[in-house]
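A.B. asks: Provided below: start_10.cif, containing mmCIF, C-alpha atoms.
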data_my_file
#
loop_
_atom_site.label_atom_id
_atom_site.label_comp_id
_atom_site.auth_asym_id
_atom_site.auth_seq_id
_atom_site.Cartn_x
_atom_site.Cartn_y
_atom_site.Cartn_z
CA SER M 3 -4.96 4.50 -48.47
CA GLY M 4 -2.25 2.80 -46.44
CA THR M 5 -2.36 -0.83 -45.40
CA GLU M 6 -2.26 -2.21 -41.84
CA MET M 7 -0.10 -5.10 -40.61
CA THR M 8 1.74 -5.75 -43.86
CA LEU M 9 5.20 -4.62 -42.81
CA ASP M 10 8.29 -6.02 -44.48
CA PHE M 11 10.65 -7.48 -41.89
CA SER M 12 13.60 -7.04 -44.20
CA ARG M 13 13.18 -3.24 -44.16
CA ASP M 14 13.63 -0.68 -41.40
CA PHE M 15 10.64 1.23 -40.07
CA TYR M 16 9.72 4.57 -38.48
CA ALA M 17 7.97 4.77 -35.12
CA PHE M 18 5.39 7.05 -33.53
CA TYR M 19 4.71 6.82 -29.81
CA VAL M 20 1.16 7.93 -29.00
CA LYS M 21 0.08 8.73 -25.46
CA THR M 22 -3.53 9.79 -25.04
CA CYS M 23 -4.93 11.97 -22.28
CA MET M 24 -6.67 9.57 -19.89
CA ASP M 25 -9.18 12.16 -18.72
CA SER M 26 -10.34 13.11 -22.19
CA TRP M 27 -10.32 9.47 -23.31
CA LYS M 28 -12.48 8.46 -20.34
CA SER M 29 -14.94 11.22 -21.14
CA SER M 30 -15.11 10.19 -24.80
CA SER M 31 -18.41 8.77 -25.94
CA TYR M 32 -16.62 5.71 -27.38
CA CYS M 33 -15.86 2.55 -25.49
CA TYR M 34 -12.34 1.15 -25.79
CA PRO M 35 -13.10 -1.51 -28.46
CA ALA M 36 -14.80 1.10 -30.65
CA LEU M 37 -11.80 3.40 -30.28
CA TYR M 38 -9.40 0.60 -31.20
CA ARG M 39 -11.39 -0.13 -34.35
CA LYS M 40 -11.34 3.51 -35.42
CA ILE M 41 -7.59 4.09 -35.05
CA PRO M 42 -6.47 1.98 -38.06
CA LEU M 43 -9.06 3.69 -40.25
CA LEU M 44 -7.81 7.12 -39.20
CA ILE M 45 -4.18 6.23 -39.91
CA ALA M 46 -4.99 4.62 -43.24
CA SER M 47 -6.88 7.71 -44.37
CA CYS M 48 -3.69 9.80 -44.03
CA LEU M 49 -1.27 7.43 -45.78
CA LYS M 50 -0.48 6.79 -49.41
CA ALA M 51 -1.51 3.47 -50.89
CA GLU M 52 2.09 2.26 -51.03
CA ASP M 53 2.77 3.03 -47.38
CA HIS M 54 2.22 0.42 -44.70
CA PHE M 55 1.73 0.52 -40.92
CA ALA M 56 1.18 -1.57 -37.82
CA ILE M 57 -0.25 -0.73 -34.39
CA ILE M 58 1.12 -2.15 -31.15
CA PRO M 59 -0.99 -1.31 -28.05
CA VAL M 60 1.24 -0.58 -25.06
CA ASN M 61 -1.59 -0.14 -22.57
CA SER M 62 -5.12 1.28 -22.56
CA PHE M 63 -3.84 4.78 -23.31
CA SER M 64 -0.57 4.37 -25.24
CA PHE M 65 0.39 2.89 -28.61
CA LEU M 66 3.36 2.31 -30.87
CA TRP M 67 2.65 3.03 -34.52
CA LEU M 68 5.16 1.54 -36.96
CA PHE M 69 5.40 2.88 -40.51
CA GLN M 70 7.20 1.82 -43.70
CA LEU M 71 7.14 4.52 -46.32
CA LYS M 72 7.42 3.78 -50.04
CA THR M 73 10.42 6.03 -50.27
CA ALA M 74 12.74 7.36 -47.58
CA GLU M 75 13.32 10.56 -49.51
CA ASN M 76 12.42 13.57 -47.36
CA ALA M 77 11.41 11.11 -44.63
CA VAL M 78 11.35 13.76 -41.88
CA PHE M 79 9.06 15.96 -43.95
CA GLN M 80 6.79 13.01 -44.71
CA LEU M 81 6.63 11.98 -41.05
CA ARG M 82 5.93 15.50 -39.82
CA SER M 83 3.20 15.95 -42.44
CA LEU M 84 1.67 12.60 -41.52
CA ALA M 85 1.66 13.52 -37.80
CA GLU M 86 0.22 16.97 -38.45
CA ASP M 87 -2.54 15.40 -40.54
CA LEU M 88 -3.33 12.78 -37.91
CA LEU M 89 -3.60 15.02 -34.84
CA PRO M 90 -6.64 17.11 -35.83
CA ILE M 91 -8.40 14.03 -37.24
CA TRP M 92 -7.67 12.18 -34.00
CA GLU M 93 -9.19 14.96 -31.90
CA ASP M 94 -12.19 15.35 -34.19
CA LYS M 95 -13.06 11.70 -34.66
CA LEU M 96 -12.12 10.31 -31.25
CA SER M 97 -12.90 13.36 -29.09
CA CYS M 98 -9.71 13.07 -27.05
CA SER M 99 -6.28 14.67 -27.07
CA CYS M 100 -2.88 13.00 -27.29
CA THR M 101 0.85 13.64 -27.34
CA LEU M 102 2.67 12.26 -30.37
CA LEU M 103 6.41 11.53 -30.33
CA VAL M 104 7.89 10.90 -33.76
CA CYS M 105 11.31 9.29 -34.12
CA THR M 106 12.79 10.84 -37.26
CA ASP M 107 15.38 8.07 -37.78
CA SER M 108 14.60 4.70 -39.31
CA LEU M 109 14.82 1.84 -36.83
CA SER M 110 15.78 -1.80 -37.23
CA TRP M 111 13.63 -4.65 -35.97
CA ASP M 112 16.30 -5.46 -33.39
CA GLU M 113 15.44 -2.14 -31.75
CA LEU M 114 11.72 -2.91 -31.44
CA PHE M 115 11.99 -4.67 -28.06
CA ASP M 116 13.49 -1.61 -26.34
CA LEU M 117 11.41 0.94 -28.20
CA ASN M 118 8.51 1.30 -25.77
CA PRO M 119 10.68 1.70 -22.63
CA ARG M 120 12.92 4.20 -24.45
CA PHE M 121 9.93 6.31 -25.46
CA SER M 122 8.46 5.98 -21.94
CA GLU M 123 11.76 7.02 -20.37
CA TYR M 124 11.89 10.03 -22.69
CA PHE M 125 8.45 11.06 -21.41
CA SER M 126 9.68 10.74 -17.82
CA GLN M 127 12.99 12.57 -18.29
CA LYS M 128 11.54 15.42 -20.32
CA SER M 129 8.37 15.65 -18.19
CA VAL M 130 6.25 15.57 -21.34
CA SER M 131 2.61 16.26 -20.42
CA VAL M 132 -0.59 15.08 -22.06
CA LEU M 133 -3.09 17.92 -21.75
CA PRO M 134 -6.84 17.23 -21.73
CA ASP M 135 -7.68 20.04 -24.13
CA ALA M 136 -4.77 20.18 -26.58
CA SER M 137 -2.74 17.62 -28.52
CA CYS M 138 0.96 18.19 -29.16
CA LEU M 139 3.68 16.87 -31.46
CA SER M 140 7.38 16.32 -30.76
CA LEU M 141 10.07 15.09 -33.16
CA VAL M 142 13.03 13.22 -31.67
CA SER M 143 16.07 11.56 -33.15
CA ARG M 144 17.32 8.11 -32.22
CA GLU M 145 20.15 9.71 -30.25
CA GLU M 146 17.68 11.72 -28.15
CA LEU M 147 15.91 8.59 -26.94
CA PRO M 148 17.45 7.32 -23.67
CA ASP M 149 19.90 4.45 -24.03
CA LEU M 150 18.64 1.67 -21.77
CA SER M 151 21.10 -0.97 -22.93
CA GLY M 152 22.73 -1.13 -19.50
CA ALA M 153 19.60 -0.66 -17.43
CA GLN M 154 18.52 -4.29 -17.36
CA THR M 155 21.85 -6.05 -16.93
CA GLY M 156 24.95 -5.78 -14.82
CA SER M 157 26.44 -7.19 -11.69
CA ARG M 158 24.13 -5.26 -9.35
CA PRO M 159 26.93 -4.60 -6.82
CA ASP M 160 24.77 -2.38 -4.59
CA LEU M 161 21.39 -4.10 -4.98
CA ALA M 162 22.95 -7.45 -4.07
CA ILE M 163 22.69 -6.49 -0.38
CA SER M 164 18.92 -6.07 -0.70
CA GLU M 165 18.04 -9.68 0.20
CA PRO M 166 19.01 -9.54 3.92
CA LEU M 167 17.41 -6.10 4.16
CA LEU M 168 14.19 -7.47 2.69
CA GLY M 169 14.28 -10.27 5.26
CA ASN M 170 14.70 -7.74 8.05
CA LEU M 171 11.88 -5.62 6.62
CA ASP M 172 9.53 -8.60 6.69
CA ASN M 173 10.48 -9.50 10.26
CA TYR M 174 10.10 -5.95 11.56
CA LEU M 175 6.70 -5.61 9.89
CA HIS M 176 5.35 -8.78 11.49
CA GLN M 177 6.78 -7.72 14.85
CA ASN M 178 5.13 -4.31 14.48
CA ASP M 179 8.57 -2.73 14.99
CA LYS M 180 8.16 0.63 13.26
CA ASN M 181 11.68 1.93 13.92
CA GLY M 182 13.34 -1.25 12.72
CA TYR M 183 11.08 -1.40 9.68
CA PHE M 184 11.86 2.14 8.50
CA SER M 185 15.57 1.67 9.13
CA ALA M 186 15.61 -1.26 6.67
CA PHE M 187 13.10 0.46 4.39
CA HIS M 188 15.20 3.61 3.91
CA LYS M 189 18.27 1.54 3.09
CA LEU M 190 16.32 -0.37 0.44
CA THR M 191 14.75 2.70 -1.11
CA ALA M 192 18.16 4.40 -1.24
CA LEU M 193 19.35 1.47 -3.34
CA ILE M 194 16.32 1.73 -5.60
CA CYS M 195 16.70 5.48 -6.08
CA SER M 196 20.37 5.05 -7.00
CA GLU M 197 19.09 3.65 -10.31
CA LYS M 198 18.25 6.52 -12.63
CA SER M 199 16.12 4.68 -15.16
CA MET M 200 12.56 3.61 -14.36
CA HIS M 201 13.27 0.60 -16.60
CA SER M 202 16.06 -0.74 -14.43
CA PHE M 203 15.16 -4.36 -13.73
CA SER M 204 17.41 -4.32 -10.66
CA ALA M 205 15.48 -1.47 -9.05
CA LEU M 206 12.17 -2.91 -10.26
CA GLU M 207 12.94 -6.27 -8.66
CA VAL M 208 13.55 -4.73 -5.24
CA TYR M 209 10.56 -2.39 -5.53
CA LEU M 210 8.22 -5.25 -6.42
CA LYS M 211 9.54 -7.37 -3.55
CA ILE M 212 8.74 -4.58 -1.08
CA SER M 213 5.37 -4.11 -2.76
CA SER M 214 4.64 -7.85 -2.65
CA LEU M 215 5.59 -7.98 1.02
CA LEU M 216 3.17 -5.15 1.81
CA ILE M 217 0.37 -6.65 -0.30
CA GLY M 218 0.74 -10.00 1.48
CA TYR M 219 0.68 -8.41 4.93
CA ILE M 220 -2.26 -6.12 4.14
CA ASN M 221 -4.22 -9.08 2.80
CA GLN M 222 -3.28 -11.28 5.77
CA ARG M 223 -4.49 -8.66 8.25
CA SER M 224 -7.55 -7.69 6.12
CA LEU M 225 -6.52 -4.04 6.07
CA GLN M 226 -7.50 -3.22 2.49
CA GLN M 227 -10.67 -1.28 3.24
CA LYS M 228 -9.24 0.71 6.14
CA LEU M 229 -6.08 1.71 4.27
CA ALA M 230 -8.06 2.55 1.12
CA LEU M 231 -9.74 5.35 3.09
CA HIS M 232 -6.37 7.13 3.29
CA ILE M 233 -4.36 6.15 0.21
CA ASN M 234 -4.84 4.39 -3.14
CA LEU M 235 -3.63 0.80 -3.11
CA TYR M 236 -3.52 0.09 -6.84
CA SER M 237 -0.22 1.97 -7.11
CA LEU M 238 1.32 -0.98 -5.26
CA TYR M 239 1.14 -2.97 -8.48
CA TYR M 240 1.04 -0.20 -11.15
CA ILE M 241 4.60 1.11 -11.31
CA SER M 242 3.64 3.10 -14.42
CA ASN M 243 1.85 5.56 -12.11
CA PHE M 244 5.24 7.03 -11.18
CA LYS M 245 7.70 9.09 -13.20
CA THR M 246 10.73 8.47 -10.97
CA TRP M 247 11.91 5.92 -8.43
CA LYS M 248 11.97 8.69 -5.83
CA GLU M 249 8.25 9.28 -6.40
CA ALA M 250 7.53 5.54 -6.26
CA CYS M 251 9.48 5.09 -3.01
CA ARG M 252 7.79 8.12 -1.48
CA TYR M 253 4.46 6.39 -2.15
CA LEU M 254 5.66 3.19 -0.42
CA GLU M 255 6.82 5.24 2.57
CA GLU M 256 3.50 7.05 2.82
CA LEU M 257 1.62 3.76 2.59
CA SER M 258 3.87 2.26 5.28
CA GLU M 259 3.15 5.21 7.58
CA PHE M 260 -0.60 4.69 7.18
CA LEU M 261 -0.11 0.95 7.73
CA PHE M 262 1.72 1.41 11.04
CA ARG M 263 -0.81 4.01 12.11
CA GLU M 264 -3.60 1.49 11.52
CA LEU M 265 -1.61 -1.23 13.30
CA SER M 266 -1.21 1.10 16.27
CA VAL M 267 -4.96 1.68 16.39
CA GLN M 268 -5.62 -2.05 16.15
CA GLU M 269 -3.07 -2.81 18.85
CA LYS M 270 -4.65 -0.26 21.18
CA ASP M 271 -8.10 -1.71 20.48
CA ARG M 272 -6.78 -5.23 21.09
CA LYS M 273 -5.26 -4.22 24.44
CA GLN M 274 -8.42 -2.43 25.57
CA GLU M 275 -10.53 -5.43 24.59
CA LEU M 276 -8.26 -7.72 26.58
CA VAL M 277 -8.48 -5.49 29.67
CA PHE M 278 -12.27 -5.35 29.31
CA LYS M 279 -12.44 -9.18 29.20
CA LEU M 280 -10.07 -9.41 32.14
CA ARG M 281 -12.18 -7.07 34.26
CA HIS M 282 -15.36 -8.94 33.32
CA TYR M 283 -13.78 -12.27 34.24
CA ILE M 284 -12.56 -10.96 37.61
CA GLN M 285 -15.97 -9.51 38.53
CA ASN M 286 -17.67 -12.83 37.75
CA HIS M 287 -15.14 -15.08 39.52
CA LEU M 288 -14.46 -13.21 42.77
CA SER M 289 -14.82 -16.33 44.92
CA GLU M 290 -12.21 -18.22 42.87
CA ASP M 291 -8.43 -18.13 42.71
CA LEU M 292 -7.51 -14.97 40.83
CA SER M 293 -3.74 -15.28 41.09
CA LEU M 294 -1.73 -13.67 38.31
CA SER M 295 -0.39 -17.02 37.09
CA LEU M 296 -3.89 -18.50 36.69
CA LEU M 297 -5.22 -15.38 34.95
CA ALA M 298 -2.24 -15.42 32.58
CA GLU M 299 -2.86 -19.08 31.81
CA HIS M 300 -6.58 -18.48 31.24
CA PHE M 301 -5.98 -15.62 28.79
CA ASN M 302 -2.91 -17.26 27.26
CA TYR M 303 -0.53 -14.39 28.01
CA ASN M 304 2.76 -14.07 29.83
CA SER M 305 2.02 -13.10 33.45
CA SER M 306 4.47 -10.20 33.48
CA TYR M 307 3.07 -8.83 30.23
CA LEU M 308 -0.53 -9.20 31.44
CA SER M 309 0.24 -7.30 34.64
CA TYR M 310 2.14 -4.60 32.72
CA LEU M 311 -0.61 -4.23 30.13
CA PHE M 312 -3.37 -3.91 32.73
CA LYS M 313 -1.55 -1.13 34.56
CA GLN M 314 -0.66 0.59 31.26
CA ILE M 315 -4.33 0.76 30.22
CA THR M 316 -6.03 1.37 33.59
CA GLY M 317 -3.34 3.08 35.64
CA THR M 318 -3.98 0.55 38.44
CA GLY M 319 -2.02 -2.56 39.32
CA LEU M 320 -3.84 -5.81 38.64
CA SER M 321 -3.57 -7.13 42.24
CA ASP M 322 -4.75 -3.80 43.62
CA TYR M 323 -7.72 -3.83 41.22
CA ILE M 324 -8.73 -7.35 42.24
CA THR M 325 -8.55 -6.41 45.93
CA GLY M 326 -10.62 -3.28 45.28
CA VAL M 327 -13.34 -5.22 43.45
CA ARG M 328 -13.45 -7.80 46.25
CA ILE M 329 -13.77 -5.10 48.93
CA ASP M 330 -16.52 -3.34 46.94
CA ARG M 331 -18.43 -6.61 46.73
CA ALA M 332 -17.90 -7.25 50.42
CA ASN M 333 -19.28 -3.78 51.24
CA TYR M 334 -22.42 -4.54 49.27
CA LEU M 335 -22.93 -7.86 51.06
CA LEU M 336 -22.22 -6.34 54.46
CA ALA M 337 -24.81 -3.61 53.89
CA ASN M 338 -27.45 -5.65 52.10
CA SER M 339 -27.33 -9.19 53.50
CA ASN M 340 -27.26 -11.03 56.79
CA ASP M 341 -24.38 -13.27 55.68
CA SER M 342 -21.66 -13.79 58.26
CA VAL M 343 -18.27 -12.19 57.85
CA SER M 344 -16.81 -15.67 57.24
CA SER M 345 -19.35 -16.33 54.46
CA ILE M 346 -18.67 -12.93 52.85
CA ALA M 347 -14.93 -13.60 53.04
CA GLU M 348 -15.47 -16.89 51.20
CA GLN M 349 -17.78 -15.31 48.57
CA THR M 350 -15.25 -12.60 47.80
CA GLY M 351 -12.25 -14.92 47.45
CA PHE M 352 -10.42 -14.46 50.75
CA ASP M 353 -8.86 -17.59 52.22
CA THR M 354 -9.95 -16.92 55.83
CA ALA M 355 -12.14 -14.50 57.73
CA GLN M 356 -9.05 -13.29 59.60
CA TYR M 357 -7.18 -12.45 56.42
CA PHE M 358 -10.32 -10.80 55.01
CA SER M 359 -10.64 -8.61 58.14
CA TYR M 360 -6.95 -7.71 57.95
CA VAL M 361 -7.12 -6.62 54.28
CA TYR M 362 -10.48 -4.92 54.81
CA LYS M 363 -9.30 -2.80 57.75
CA ARG M 364 -6.07 -1.84 55.95
CA ARG M 365 -8.07 -0.61 52.98
CA MET M 366 -11.21 0.82 54.65
CA GLY M 367 -9.80 1.92 58.03
CA ILE M 368 -12.40 -0.07 60.01
CA THR M 369 -13.32 -3.73 60.45
CA PRO M 370 -16.07 -5.43 58.38
CA SER M 371 -18.22 -5.71 61.53
CA ASP M 372 -17.91 -2.00 62.29
CA TYR M 373 -18.85 -1.18 58.70
CA ARG M 374 -22.00 -3.31 58.99
CA ILE M 375 -22.95 -1.69 62.28
CA ASN M 376 -22.47 1.84 61.02
CA ARG M 377 -24.17 1.11 57.66
CA MET M 378 -21.78 3.35 55.79
CA PRO M 379 -22.90 4.44 52.31
CA LEU M 380 -21.64 2.31 49.50
CA ALA M 381 -18.66 3.65 47.52
#
Mind turning the file's structure into structure tokens?
C.D. replies:
Amino acid sequence: SGTEMTLDFSRDFYAFYVKTCMDSWKSSSYCYPALYRKIPLLIASCLKAEDHFAIIPVNSFSFLWLFQLKTAENAVFQLRSLAEDLLPIWEDKLSCSCTLLVCTDSLSWDELFDLNPRFSEYFSQKSVSVLPDASCLSLVSREELPDLSGAQTGSRPDLAISEPLLGNLDNYLHQNDKNGYFSAFHKLTALICSEKSMHSFSALEVYLKISSLLIGYINQRSLQQKLALHINLYSLYYISNFKTWKEACRYLEELSEFLFRELSVQEKDRKQELVFKLRHYIQNHLSEDLSLSLLAEHFNYNSSYLSYLFKQITGTGLSDYITGVRIDRANYLLANSNDSVSSIAEQTGFDTAQYFSYVYKRRMGITPSDYRINRMPLA
């Protein structure tokens, strides 16, 4: 049988790209190490003694198989026969299907570095599928494999403007400015999608910077669990999950939408919690100075913002609310205690009994003394 890992670096080689069906592999009774041990034995059983091969794992579900045949005569026939022999044995022994791409031209060792991305790009461009219940075989020439020689280099004239956009994106995200964020985001993703190849380092660099920015923010705000209820997060760092940059950028946009939706919910909760604390503080400090400036200082907020926020949430102005709570408390004391009007004015935060009577009559239509005499029902 053939021999593994004894390739001659002075000779060209032939390459198979093997992509297994993840679903059928996962359902296989073998664990990954056991599968890896079986593959060389399966290949060796189909080769002649003078033929040699090597296996290069690409990831958990894809491999490069390199072959050096004793003779290059009828190489295409030999390669096809070898592939056709391997597929049924693969399915039978490993209980999973695969798609096998066979390059029918011999390749030099200088081409090895770009071989995996060229095969991967071929899969993406041709939309080659790996079916769970049937293996398939495709023969391709060197010329049919995408040329990626220019995909990783170049002056990057368009992507050079990405840095200020990325800075803006970060600022808008931390300011919770959704409109500004998506304005910068769509400009960045347009740059990414202008690159056709999924192996463009220029596009990959920008994509990963956006992804890293989102990962950092999600981690900082502890949003992993909440976002995971709506969308998978592992695609942030597994670019191989996408066939095109358009698909990858659509994922980032969808994730960003969910992120801003969650931020909106959190912001609303934060505002409501602040208003709840503000109401509680007012009700427990009626006899004290409850001026807007002191409340703003106590809660560490700008006074204008605090007043605006309170009215936005409750529909009532903050000063009007404070006055209403003070009058309600005064009504209770007037009806249920023998305290003097002056004492009640002091307990409810009014500077003088005269000012208390003035505010009380303007709000209730009668004086505090008349209210006590008539024993009006509490509001």
A.B. asks: Report the residues retrieved by the PyMOL selection byres ((chain M and resi 55) around 12) from the displayed file, expressed as a VMD selection string.
C.D. replies: chain M and resid 3 to 10 14 to 18 41 to 54 56 to 58 66 to 72
A.B. asks: Which residues, named as in the file, does the PyMOL selection byres ((chain M and resi 85) around 10) pick out? Answer as a list in words.
C.D. replies: Phe18, Ile45, Cys48, Phe79, Gln80, Leu81, Arg82, Ser83, Leu84, Glu86, Asp87, Leu88, Leu89, Pro90, Leu102, Leu103, Val104, Cys138, Leu139, Ser140 and Leu141 of chain M
A.B. asks: For the selection just defined, write its residues with C-alpha atoms to a file, as a JSON list (two decimals), keeping the file's coordinate frame.
C.D. replies:
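New file out-v3.json:
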[["chain", "number", "residue", "atom", "x", "y", "z"],
["M", 18, "PHE", "CA", 5.39, 7.05, -33.53],
["M", 45, "ILE", "CA", -4.18, 6.23, -39.91],
["M", 48, "CYS", "CA", -3.69, 9.80, -44.03],
["M", 79, "PHE", "CA", 9.06, 15.96, -43.95],
["M", 80, "GLN", "CA", 6.79, 13.01, -44.71],
["M", 81, "LEU", "CA", 6.63, 11.98, -41.05],
["M", 82, "ARG", "CA", 5.93, 15.50, -39.82],
["M", 83, "SER", "CA", 3.20, 15.95, -42.44],
["M", 84, "LEU", "CA", 1.67, 12.60, -41.52],
["M", 86, "GLU", "CA", 0.22, 16.97, -38.45],
["M", 87, "ASP", "CA", -2.54, 15.40, -40.54],
["M", 88, "LEU", "CA", -3.33, 12.78, -37.91],
["M", 89, "LEU", "CA", -3.60, 15.02, -34.84],
["M", 90, "PRO", "CA", -6.64, 17.11, -35.83],
["M", 102, "LEU", "CA", 2.67, 12.26, -30.37],
["M", 103, "LEU", "CA", 6.41, 11.53, -30.33],
["M", 104, "VAL", "CA", 7.89, 10.90, -33.76],
["M", 138, "CYS", "CA", 0.96, 18.19, -29.16],
["M", 139, "LEU", "CA", 3.68, 16.87, -31.46],
["M", 140, "SER", "CA", 7.38, 16.32, -30.76],
["M", 141, "LEU", "CA", 10.07, 15.09, -33.16]]
A.B. asks: Can you translate the PyMOL selection byres ((chain M and resi 212-215) around 10) into the concrete residues it hits in this file, as number ranges by chain?
C.D. replies: M: 168-169, 171-172, 175, 187, 190-191, 206-211, 216-220, 237-239, 251, 254
A.B. asks: Taking into account all atoms listed in the file, which residue in the set M:Ala298, M:Leu276, M:Met366, M:Leu288 is nearest to Glu348 (chain M)?
C.D. replies: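 Going through M:Ala298, M:Leu276, M:Met366, M:Leu288 one by one, the smallest distance to Glu348 (chain M) is for M:Leu288.
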A.B. asks: Considering all atoms listed in the file, state which residue in the set M:Phe358, M:Tyr19, M:Trp247, M:Tyr240 is at the smallest distance from Ser371 (chain M).
C.D. replies: M:Phe358
A.B. asks: Between CA of Glu264 (chain M) and CA of Leu229 (chain M), what is the distance in Å, rounded to a tenth?
C.D. replies: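 According to the coordinates, CA of Glu264 (chain M) and CA of Leu229 (chain M) are separated by 7.7 Å.
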A.B. asks: Just to confirm, what's the straight-line distance from CA of Phe184 (chain M) to CA of Glu249 (chain M) in Å (one decimal)?
C.D. replies: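 Calculated distance between CA of Phe184 (chain M) and CA of Glu249 (chain M) is 16.9 Å.
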A.B. asks: Have a look at CA of Tyr174 (chain M) and CA of Ala205 (chain M) and let me know their distance in Å, one decimal.
C.D. replies: 21.8 Å
A.B. asks: Taking N, CA, C and O atoms as the atom set, what does region 177-190 of chain M look like once completed, written as a PDB file, in the frame of the given file?
C.D. replies:
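Writing the result to result20.pdb gives the following:
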ATOM      1  N   GLN M 177       6.606  -7.992  13.428  1.00  0.00           N
ATOM      2  CA  GLN M 177       6.780  -7.720  14.850  1.00  0.00           C
ATOM      3  C   GLN M 177       6.215  -6.362  15.237  1.00  0.00           C
ATOM      4  O   GLN M 177       6.284  -5.968  16.401  1.00  0.00           O
ATOM      5  N   ASN M 178       5.674  -5.651  14.261  1.00  0.00           N
ATOM      6  CA  ASN M 178       5.130  -4.310  14.480  1.00  0.00           C
ATOM      7  C   ASN M 178       6.203  -3.376  15.062  1.00  0.00           C
ATOM      8  O   ASN M 178       5.930  -2.536  15.917  1.00  0.00           O
ATOM      9  N   ASP M 179       7.438  -3.551  14.558  1.00  0.00           N
ATOM     10  CA  ASP M 179       8.570  -2.730  14.990  1.00  0.00           C
ATOM     11  C   ASP M 179       8.752  -1.606  13.967  1.00  0.00           C
ATOM     12  O   ASP M 179       9.445  -1.775  12.951  1.00  0.00           O
ATOM     13  N   LYS M 180       8.152  -0.469  14.224  1.00  0.00           N
ATOM     14  CA  LYS M 180       8.160   0.630  13.260  1.00  0.00           C
ATOM     15  C   LYS M 180       9.569   1.171  13.019  1.00  0.00           C
ATOM     16  O   LYS M 180       9.966   1.401  11.870  1.00  0.00           O
ATOM     17  N   ASN M 181      10.336   1.371  14.074  1.00  0.00           N
ATOM     18  CA  ASN M 181      11.680   1.930  13.920  1.00  0.00           C
ATOM     19  C   ASN M 181      12.581   0.992  13.124  1.00  0.00           C
ATOM     20  O   ASN M 181      13.321   1.433  12.227  1.00  0.00           O
ATOM     21  N   GLY M 182      12.539  -0.285  13.456  1.00  0.00           N
ATOM     22  CA  GLY M 182      13.340  -1.250  12.720  1.00  0.00           C
ATOM     23  C   GLY M 182      12.925  -1.347  11.267  1.00  0.00           C
ATOM     24  O   GLY M 182      13.768  -1.448  10.363  1.00  0.00           O
ATOM     25  N   TYR M 183      11.609  -1.319  11.039  1.00  0.00           N
ATOM     26  CA  TYR M 183      11.080  -1.400   9.680  1.00  0.00           C
ATOM     27  C   TYR M 183      11.606  -0.244   8.824  1.00  0.00           C
ATOM     28  O   TYR M 183      12.125  -0.454   7.722  1.00  0.00           O
ATOM     29  N   PHE M 184      11.471   0.983   9.319  1.00  0.00           N
ATOM     30  CA  PHE M 184      11.860   2.140   8.500  1.00  0.00           C
ATOM     31  C   PHE M 184      13.378   2.251   8.353  1.00  0.00           C
ATOM     32  O   PHE M 184      13.860   2.813   7.372  1.00  0.00           O
ATOM     33  N   SER M 185      14.126   1.712   9.286  1.00  0.00           N
ATOM     34  CA  SER M 185      15.570   1.670   9.130  1.00  0.00           C
ATOM     35  C   SER M 185      15.955   0.820   7.921  1.00  0.00           C
ATOM     36  O   SER M 185      16.750   1.236   7.072  1.00  0.00           O
ATOM     37  N   ALA M 186      15.354  -0.384   7.824  1.00  0.00           N
ATOM     38  CA  ALA M 186      15.610  -1.260   6.670  1.00  0.00           C
ATOM     39  C   ALA M 186      14.996  -0.678   5.405  1.00  0.00           C
ATOM     40  O   ALA M 186      15.588  -0.742   4.319  1.00  0.00           O
ATOM     41  N   PHE M 187      13.818  -0.106   5.541  1.00  0.00           N
ATOM     42  CA  PHE M 187      13.100   0.460   4.390  1.00  0.00           C
ATOM     43  C   PHE M 187      13.912   1.561   3.712  1.00  0.00           C
ATOM     44  O   PHE M 187      14.054   1.592   2.483  1.00  0.00           O
ATOM     45  N   HIS M 188      14.462   2.484   4.485  1.00  0.00           N
ATOM     46  CA  HIS M 188      15.200   3.610   3.910  1.00  0.00           C
ATOM     47  C   HIS M 188      16.493   3.155   3.244  1.00  0.00           C
ATOM     48  O   HIS M 188      16.922   3.749   2.248  1.00  0.00           O
ATOM     49  N   LYS M 189      17.087   2.095   3.747  1.00  0.00           N
ATOM     50  CA  LYS M 189      18.270   1.540   3.090  1.00  0.00           C
ATOM     51  C   LYS M 189      17.902   0.938   1.741  1.00  0.00           C
ATOM     52  O   LYS M 189      18.615   1.094   0.743  1.00  0.00           O
ATOM     53  N   LEU M 190      16.778   0.248   1.699  1.00  0.00           N
ATOM     54  CA  LEU M 190      16.320  -0.370   0.440  1.00  0.00           C
ATOM     55  C   LEU M 190      15.930   0.684  -0.587  1.00  0.00           C
ATOM     56  O   LEU M 190      16.288   0.583  -1.766  1.00  0.00           O
TER      57      LEU M 190
END
